[in-house]
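Participant: Okay, here's the structure, questions in a sec.
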Amino acid sequence: MQKRNIVSILYILFLLLPIYWLVAMSFKTTNEILAGFSLFPQTWTLENYKTIFTDPTWYWGYINSIIYVSLNTVISVCVALPAAYAFSRYRFLGDKTLFFWLLTNRMAPAAVFALPFFQLYSSVSLFDTHIAVALAHCLFNIPLAVWILEGFMGSVPKELDETAYVDGYSFLRFFTTIFIPTIKAGVGVAAFFCFMFSWVELLLAKTLTAVAAKPIAAVMTKTASSAGYELGLLAAAGTLTIIPGAIVIYFVRNYIAKGFAMGRV
Amino acid sequence: MRAHNQKAWIFVLPVLLLVAFNALIPIMTVVNYSVQETFGDNVFFWQGLDWFEQLLRSDRFHAALGRQFLFTGLILLIEIPLGVAVALSMPRKGIWVPVCLVTMALPMLIPWNVVGAMWNIFTLPEIGLLGYFFNNVLGVSYDMTQDPLAAWITIVTMDVWHWTSLVVLLSYAGLVSIPDDYYRAARIDGASNFAVFRYIQLPKMKTVLTIAILLRFMDSFNIYTEPFVLTGGGPGNSTTLLSIDLVKIALGQFDLGPAAAMSLIYFAITLLVSWVFYSVMNNQSDEVE
């Protein structure tokens with residue numbers, strides 16, 4: 001690190017401060033939090049974490065979230081791959097309009113869709129299932145995945161496809177054994193973004209679930225309002241929601257750096 | 001040049017079906033509500049375009065829309081230059097690169113309600129780190145539940161904290177794609193730092209920056225959960241952004257007709273602005289081709 005890095009160092013400090021405060025808060029007792037200001041926890045306690053790991057309402061919240069997020073990531077990337085290939089390689093009737101229409105769904109305010117989504121998924125009896133949330137999140141994740149993958153595929157020369165066909169590959173074999181491995185960084189980045197946006201979204205996930213598939217975020221809101229103001233517990237639950245994200249970024253860290261550059265740059 | 005091939009539709013079909021199921025049916029439900037009045041019991045009366053007319057004349061809507069544009073404008077003005085500045089100052093090689101990228105991406109992967117809750121805890125006047133620092137160390141009175149200005153500063157800072165990294169990552173990707181030869185050539189020509197930025201780095205970042213602006217515009221215009229958890233739209237209505245107002249009308253007062261009309265106007269504005277950005281972006285890439 002040198003002098004010219006000072007801006008990024010300050011920026012990272014700014015990013016870490018609120019996170020530090022959340023983590024510090026999660027190790028404090030409720031009494032200590034309400035008694036007044038303390039920079040470090042005076043009496044370290046794991047009580048908050050113990051509550052979360054022993055109470056099924058809490059830990060099922062995490063499991064539910066992870067189930068629908070994984071389902072959504074798999075569905076989004078699988079259907080986006082052929083579509084992105086079509087957009088990057090072929091011209092067809094209405095392609096530009098269709099691409100923009102897909103993107104418009106990324107722009108739809110979730111608040112607009114909350115109530116109609118509830119009615120729609122209730123009427124097809126999917127209310128309160130993981131697949132309902134996974135499908136609902138496709139609304140904004142599929143367009144994003146198509147957009148990212150199309151960018152990556154655009155940078156792969158068309159000669160690759162043509163050579164493969166000349167060599168007698170069928171489309172399916174070419175696509176799965178040559179093309180997808182070529183753009184695996186793109187698939188990684190797309191999957192990362194799908195995971196990210198499905199993991200962080202709350203409004204739709206909360207609207208579409210009641211008990212069986214309730215996401216961790218909804219458990220948190222309920223606790224915040226019903227069980228008094230247990231800041232320590234809330235902070236511990238919040239801290240735990242950061243961990244899956246941190247793990248996922250760690251796995252794609254090289255893809256993020258290279259990945260973005262291989263897209264539309 | 002891409003080949004004409006109508007069979008490509010088959011590849012697009014799964015995406016089309018899934019997105020259409022999620023988009024068309026709900027949006028038609030909204031359109032349906034927007035032209036009717038209901039007094040409960042699933043009895044609806046034809047209302048025509050009255051809701052739209054009422055809404056476009058209502059001060060409440062104008063105020064929420066104004067706050068929304070102010071918010072989006074402010075965060076774009078701060079996040080874009082800050083993101084570029086941070087990307088420029090980041091190391092290009094070495095072990096610090098993944099460390100920087102991972103830490104910077106972290107805020108984006110925190111669920112939105114946790115972001116709101118986290119900033120709430122962070123800014124509590126007496127027991128939050130920031131609140132305590134302002135009130136007891138600097139001696140500046142700061143309480144975002146009372147003071148609209150403090151509430152605004154808090155939600156803008158929160159969004160800067162949350163999303164500037166997206167701009168950083170995109171700009172950084174643009175920067176690392178510049179070959180070293182460009183810099184070497186610039187040094188031989190005796191170009192100043194500013195000239196390098198203006199004529200080499202900025203043009204290379206143009207496409208990714210347009211994407212960054214487009215994404216930040218869409219997402220900040222639709223923002224709901226974070227300010228809702230942090231301020232709940234208050235104090236008073238001072239931080240009631242469009243989506244918060246919309247949810248208040250739809251689920252709080254259960255005025256489905258006006259809420260649906262508002263949804264459609266809201267969506268139309270987002271579409272219009274995004275379409276402008278999208279066209280600009282396409283023109284850019286056409287130039288490159």
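In the structure tokens, chains take the letters A, B, ... in the order shown, each chain's residues start at 1, and ligands count up from 1 in the order shown.
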Please provide as a PDB file with N, CA and C atoms, in the first residue's frame all residues within 10 Å of Thr29 of chain B, with the sequence filter that same-chain residues fewer than 2 positions apart are discarded (counting only C-alpha atoms).
Facilitator:
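Below is the file out_7.pdb, written as the result:
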```pdb
ATOM      1  N   PHE A 113     -45.116  -4.656  -7.138  1.00  0.00           N
ATOM      2  CA  PHE A 113     -45.520  -6.026  -7.407  1.00  0.00           C
ATOM      3  C   PHE A 113     -45.945  -6.811  -6.170  1.00  0.00           C
ATOM      4  N   LEU A 115     -48.352  -6.844  -3.852  1.00  0.00           N
ATOM      5  CA  LEU A 115     -49.724  -7.336  -3.694  1.00  0.00           C
ATOM      6  C   LEU A 115     -50.148  -8.268  -4.827  1.00  0.00           C
ATOM      7  N   PRO A 116     -49.958  -7.875  -6.112  1.00  0.00           N
ATOM      8  CA  PRO A 116     -50.304  -8.800  -7.199  1.00  0.00           C
ATOM      9  C   PRO A 116     -49.563 -10.129  -7.097  1.00  0.00           C
ATOM     10  N   PHE A 117     -48.321 -10.111  -6.655  1.00  0.00           N
ATOM     11  CA  PHE A 117     -47.570 -11.354  -6.505  1.00  0.00           C
ATOM     12  C   PHE A 117     -48.213 -12.253  -5.480  1.00  0.00           C
ATOM     13  N   GLN A 119     -51.332 -12.391  -4.712  1.00  0.00           N
ATOM     14  CA  GLN A 119     -52.546 -12.970  -5.298  1.00  0.00           C
ATOM     15  C   GLN A 119     -52.209 -14.041  -6.316  1.00  0.00           C
ATOM     16  N   LEU A 120     -51.192 -13.755  -7.170  1.00  0.00           N
ATOM     17  CA  LEU A 120     -50.821 -14.698  -8.216  1.00  0.00           C
ATOM     18  C   LEU A 120     -50.358 -16.022  -7.620  1.00  0.00           C
TER      19      LEU A 120
ATOM     20  N   LEU B  24     -46.187 -10.136 -16.600  1.00  0.00           N
ATOM     21  CA  LEU B  24     -47.415  -9.722 -17.280  1.00  0.00           C
ATOM     22  C   LEU B  24     -48.646  -9.878 -16.394  1.00  0.00           C
ATOM     23  N   ILE B  25     -48.768 -11.020 -15.708  1.00  0.00           N
ATOM     24  CA  ILE B  25     -49.974 -11.231 -14.903  1.00  0.00           C
ATOM     25  C   ILE B  25     -50.075 -10.178 -13.786  1.00  0.00           C
ATOM     26  N   PRO B  26     -49.005  -9.965 -13.004  1.00  0.00           N
ATOM     27  CA  PRO B  26     -49.118  -8.927 -11.979  1.00  0.00           C
ATOM     28  C   PRO B  26     -49.364  -7.529 -12.541  1.00  0.00           C
ATOM     29  N   ILE B  27     -48.710  -7.200 -13.663  1.00  0.00           N
ATOM     30  CA  ILE B  27     -48.888  -5.838 -14.159  1.00  0.00           C
ATOM     31  C   ILE B  27     -50.323  -5.643 -14.666  1.00  0.00           C
ATOM     32  N   VAL B  31     -53.019  -2.872 -13.592  1.00  0.00           N
ATOM     33  CA  VAL B  31     -53.792  -2.055 -14.538  1.00  0.00           C
ATOM     34  C   VAL B  31     -55.282  -2.168 -14.218  1.00  0.00           C
ATOM     35  N   ASN B  32     -55.705  -3.387 -13.921  1.00  0.00           N
ATOM     36  CA  ASN B  32     -57.092  -3.653 -13.594  1.00  0.00           C
ATOM     37  C   ASN B  32     -57.555  -2.828 -12.381  1.00  0.00           C
ATOM     38  N   TYR B  33     -56.733  -2.833 -11.337  1.00  0.00           N
ATOM     39  CA  TYR B  33     -57.071  -2.054 -10.144  1.00  0.00           C
ATOM     40  C   TYR B  33     -57.125  -0.564 -10.441  1.00  0.00           C
ATOM     41  N   SER B  34     -56.214  -0.120 -11.334  1.00  0.00           N
ATOM     42  CA  SER B  34     -56.023   1.317 -11.492  1.00  0.00           C
ATOM     43  C   SER B  34     -57.233   2.005 -12.103  1.00  0.00           C
ATOM     44  N   ALA B 260     -52.590   1.602  -7.398  1.00  0.00           N
ATOM     45  CA  ALA B 260     -52.283   0.987  -8.688  1.00  0.00           C
ATOM     46  C   ALA B 260     -51.949   2.064  -9.717  1.00  0.00           C
TER      47      ALA B 260
END
```
Participant: Identify, with DSSP run on backbone atoms, the residues in segment 84-143 of chain A assigned to helix (DSSP H, G or I), and express the list as a VMD selection string.
Facilitator: chain A and resid 84 to 89 95 to 107 110 to 123 130 to 143
Participant: Could you list, as a PDB file with C-alpha atoms, in the first residue's frame, every residue within 7 Å of segment 85-98 of chain A, counting only C-alpha atoms and ignoring same-chain residues fewer than 4 positions away?
Facilitator:
```pdb
ATOM      1  CA  LEU A  81     -27.551 -19.272 -20.779  1.00  0.00           C
ATOM      2  CA  LEU A 102     -36.400  -8.068 -20.235  1.00  0.00           C
ATOM      3  CA  GLU A 150     -24.631 -11.707 -23.175  1.00  0.00           C
ATOM      4  CA  MET A 153     -20.487 -14.192 -24.785  1.00  0.00           C
ATOM      5  CA  GLY A 154     -20.065 -11.168 -27.020  1.00  0.00           C
TER       6      GLY A 154
ATOM      7  CA  ARG B   2     -24.905 -11.546 -36.274  1.00  0.00           C
ATOM      8  CA  ALA B   3     -26.756 -14.051 -38.456  1.00  0.00           C
ATOM      9  CA  HIS B   4     -30.520 -13.861 -38.926  1.00  0.00           C
ATOM     10  CA  ASN B   5     -32.079 -16.923 -37.375  1.00  0.00           C
ATOM     11  CA  GLN B   6     -35.683 -17.070 -36.242  1.00  0.00           C
ATOM     12  CA  ALA B   8     -33.234 -18.291 -31.812  1.00  0.00           C
ATOM     13  CA  PHE B  11     -33.512 -20.394 -26.932  1.00  0.00           C
ATOM     14  CA  VAL B  12     -35.282 -17.378 -25.559  1.00  0.00           C
TER      15      VAL B  12
END
```
Participant: With only C-alpha atoms as the basis for distance, which of B:Ser165, B:Ser220, B:Thr225, B:Asn193 is at the shortest distance from Val84 of chain B?
Facilitator: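 Nearest candidate to Val84 of chain B out of B:Ser165, B:Ser220, B:Thr225, B:Asn193: B:Ser165.
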Participant: Would you kindly return, as JSON, numbers by chain, each protein, DNA or RNA residue with an atom no farther than 7 Å from any atom of segment 185-198 of chain A, considering only C-alpha atoms and excluding same-chain residues fewer than 3 positions away?
Facilitator: {"A": [69, 73, 77, 137, 141, 145, 148, 149, 152, 201, 252, 255, 256, 259], "B": [109]}
Participant: Nearest to Trp112 of chain B among B:Ile269, B:Leu230, B:Leu241, B:Ala173, with distances taken over only C-alpha atoms: which residue is it?
Facilitator: B:Leu230
Participant: A:Leu17, A:Cys78, A:Leu126, A:Ala136: which is nearest Val19 of chain B, counting only C-alpha atoms?
Facilitator: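 Of A:Leu17, A:Cys78, A:Leu126, A:Ala136, the one nearest Val19 of chain B, counting only C-alpha atoms, is A:Ala136.
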Participant: Which neighbours of Leu170 of chain B fall inside 7 Å, counting only C-alpha atoms, when residues of the same chain fewer than 4 positions from it are skipped, and could you give them as a ChimeraX atom specification?
Facilitator: /A:260 /B:166,174,208,212
Participant: Since we have the selection now, will you write its residues out, keeping N, CA and C atoms, as a PDB file, in the first residue's frame?
Facilitator:
```
ATOM      1  N   PHE A 260     -15.475  -8.897 -14.431  1.00  0.00           N
ATOM      2  CA  PHE A 260     -16.047  -7.641 -14.912  1.00  0.00           C
ATOM      3  C   PHE A 260     -15.343  -7.191 -16.189  1.00  0.00           C
TER       4      PHE A 260
ATOM      5  N   LEU B 166     -20.368  -0.758  -6.057  1.00  0.00           N
ATOM      6  CA  LEU B 166     -20.756  -1.222  -7.388  1.00  0.00           C
ATOM      7  C   LEU B 166     -20.067  -0.374  -8.451  1.00  0.00           C
ATOM      8  N   GLY B 174     -12.974  -1.517 -15.773  1.00  0.00           N
ATOM      9  CA  GLY B 174     -12.603  -0.724 -16.941  1.00  0.00           C
ATOM     10  C   GLY B 174     -11.137  -0.363 -16.919  1.00  0.00           C
ATOM     11  N   VAL B 208     -18.668   1.079 -18.976  1.00  0.00           N
ATOM     12  CA  VAL B 208     -18.991   0.553 -17.648  1.00  0.00           C
ATOM     13  C   VAL B 208     -19.627   1.620 -16.779  1.00  0.00           C
ATOM     14  N   ALA B 212     -23.064   1.556 -14.772  1.00  0.00           N
ATOM     15  CA  ALA B 212     -23.133   1.889 -13.350  1.00  0.00           C
ATOM     16  C   ALA B 212     -24.236   2.919 -13.092  1.00  0.00           C
TER      17      ALA B 212
END
```
Participant: Please provide the set of residues having any atom within 10 Å of segment 10-12 of chain A, restricted to only C-alpha atoms, with same-chain residues fewer than 2 positions apart removed, written as a PyMOL selection string.
Facilitator: (chain A and resi 5-8+14-17) or (chain B and resi 82-83+86+100-101+103-104+161+164-165)
Participant: Which of these, B:Thr210, B:Ser177, B:Asn136, B:Gln201, has the shortest distance to chain A once you count only C-alpha atoms?
Facilitator: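 Looking only at the distances to chain A, the closest residue turns out to be B:Ser177.
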Participant: Quick one: residues within 10 Å of Thr239 of chain A, only C-alpha atoms, excluding same-chain residues fewer than 2 positions away - as a VMD selection string?
Facilitator: (chain A and resid 19 to 20 22 to 26 49 233 to 237 241 to 243) or (chain B and resid 110 114 118)
Participant: Could those residues be written to a file, using C-alpha atoms, as a PDB file, in the first residue's frame?
Facilitator:
```
ATOM      1  CA  ILE A  19     -20.077  -3.477  10.233  1.00  0.00           C
ATOM      2  CA  TYR A  20     -17.725  -3.326  13.232  1.00  0.00           C
ATOM      3  CA  LEU A  22     -22.961  -4.397  14.356  1.00  0.00           C
ATOM      4  CA  VAL A  23     -20.529  -7.178  15.276  1.00  0.00           C
ATOM      5  CA  ALA A  24     -19.478  -5.477  18.536  1.00  0.00           C
ATOM      6  CA  MET A  25     -23.130  -5.006  19.455  1.00  0.00           C
ATOM      7  CA  SER A  26     -23.839  -8.699  18.914  1.00  0.00           C
ATOM      8  CA  TYR A  49     -25.751 -16.426  19.168  1.00  0.00           C
ATOM      9  CA  LEU A 233     -30.111 -10.470  19.315  1.00  0.00           C
ATOM     10  CA  LEU A 234     -30.917  -8.394  16.238  1.00  0.00           C
ATOM     11  CA  ALA A 235     -27.221  -7.530  15.825  1.00  0.00           C
ATOM     12  CA  ALA A 236     -26.207 -11.182  16.140  1.00  0.00           C
ATOM     13  CA  ALA A 237     -28.789 -12.222  13.534  1.00  0.00           C
ATOM     14  CA  THR A 241     -26.555 -12.795   7.479  1.00  0.00           C
ATOM     15  CA  ILE A 242     -23.238 -11.292   6.344  1.00  0.00           C
ATOM     16  CA  ILE A 243     -21.423 -14.636   6.458  1.00  0.00           C
TER      17      ILE A 243
ATOM     18  CA  ILE B 110     -25.983  -7.728   3.294  1.00  0.00           C
ATOM     19  CA  VAL B 114     -30.159  -5.665   7.890  1.00  0.00           C
ATOM     20  CA  MET B 118     -27.400  -1.773  11.060  1.00  0.00           C
TER      21      MET B 118
END
```
Participant: Which is closer to chain A than all the others in B:Thr145, B:Gln54, B:Asn120, B:Thr270, using only C-alpha atoms?
Facilitator: B:Thr270
Participant: Can you tell me how far atom CA of Gln68 of chain B sits from atom CA of Phe221 of chain B, in Å to one decimal?
Facilitator: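 A separation of 6.7 Å between them.
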Participant: Which is closest to chain B among A:Met220, A:Met107, A:Ile178, A:Ala212, if we use only C-alpha atoms?
Facilitator: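 Distance minimum relative to chain B lands on A:Met107.
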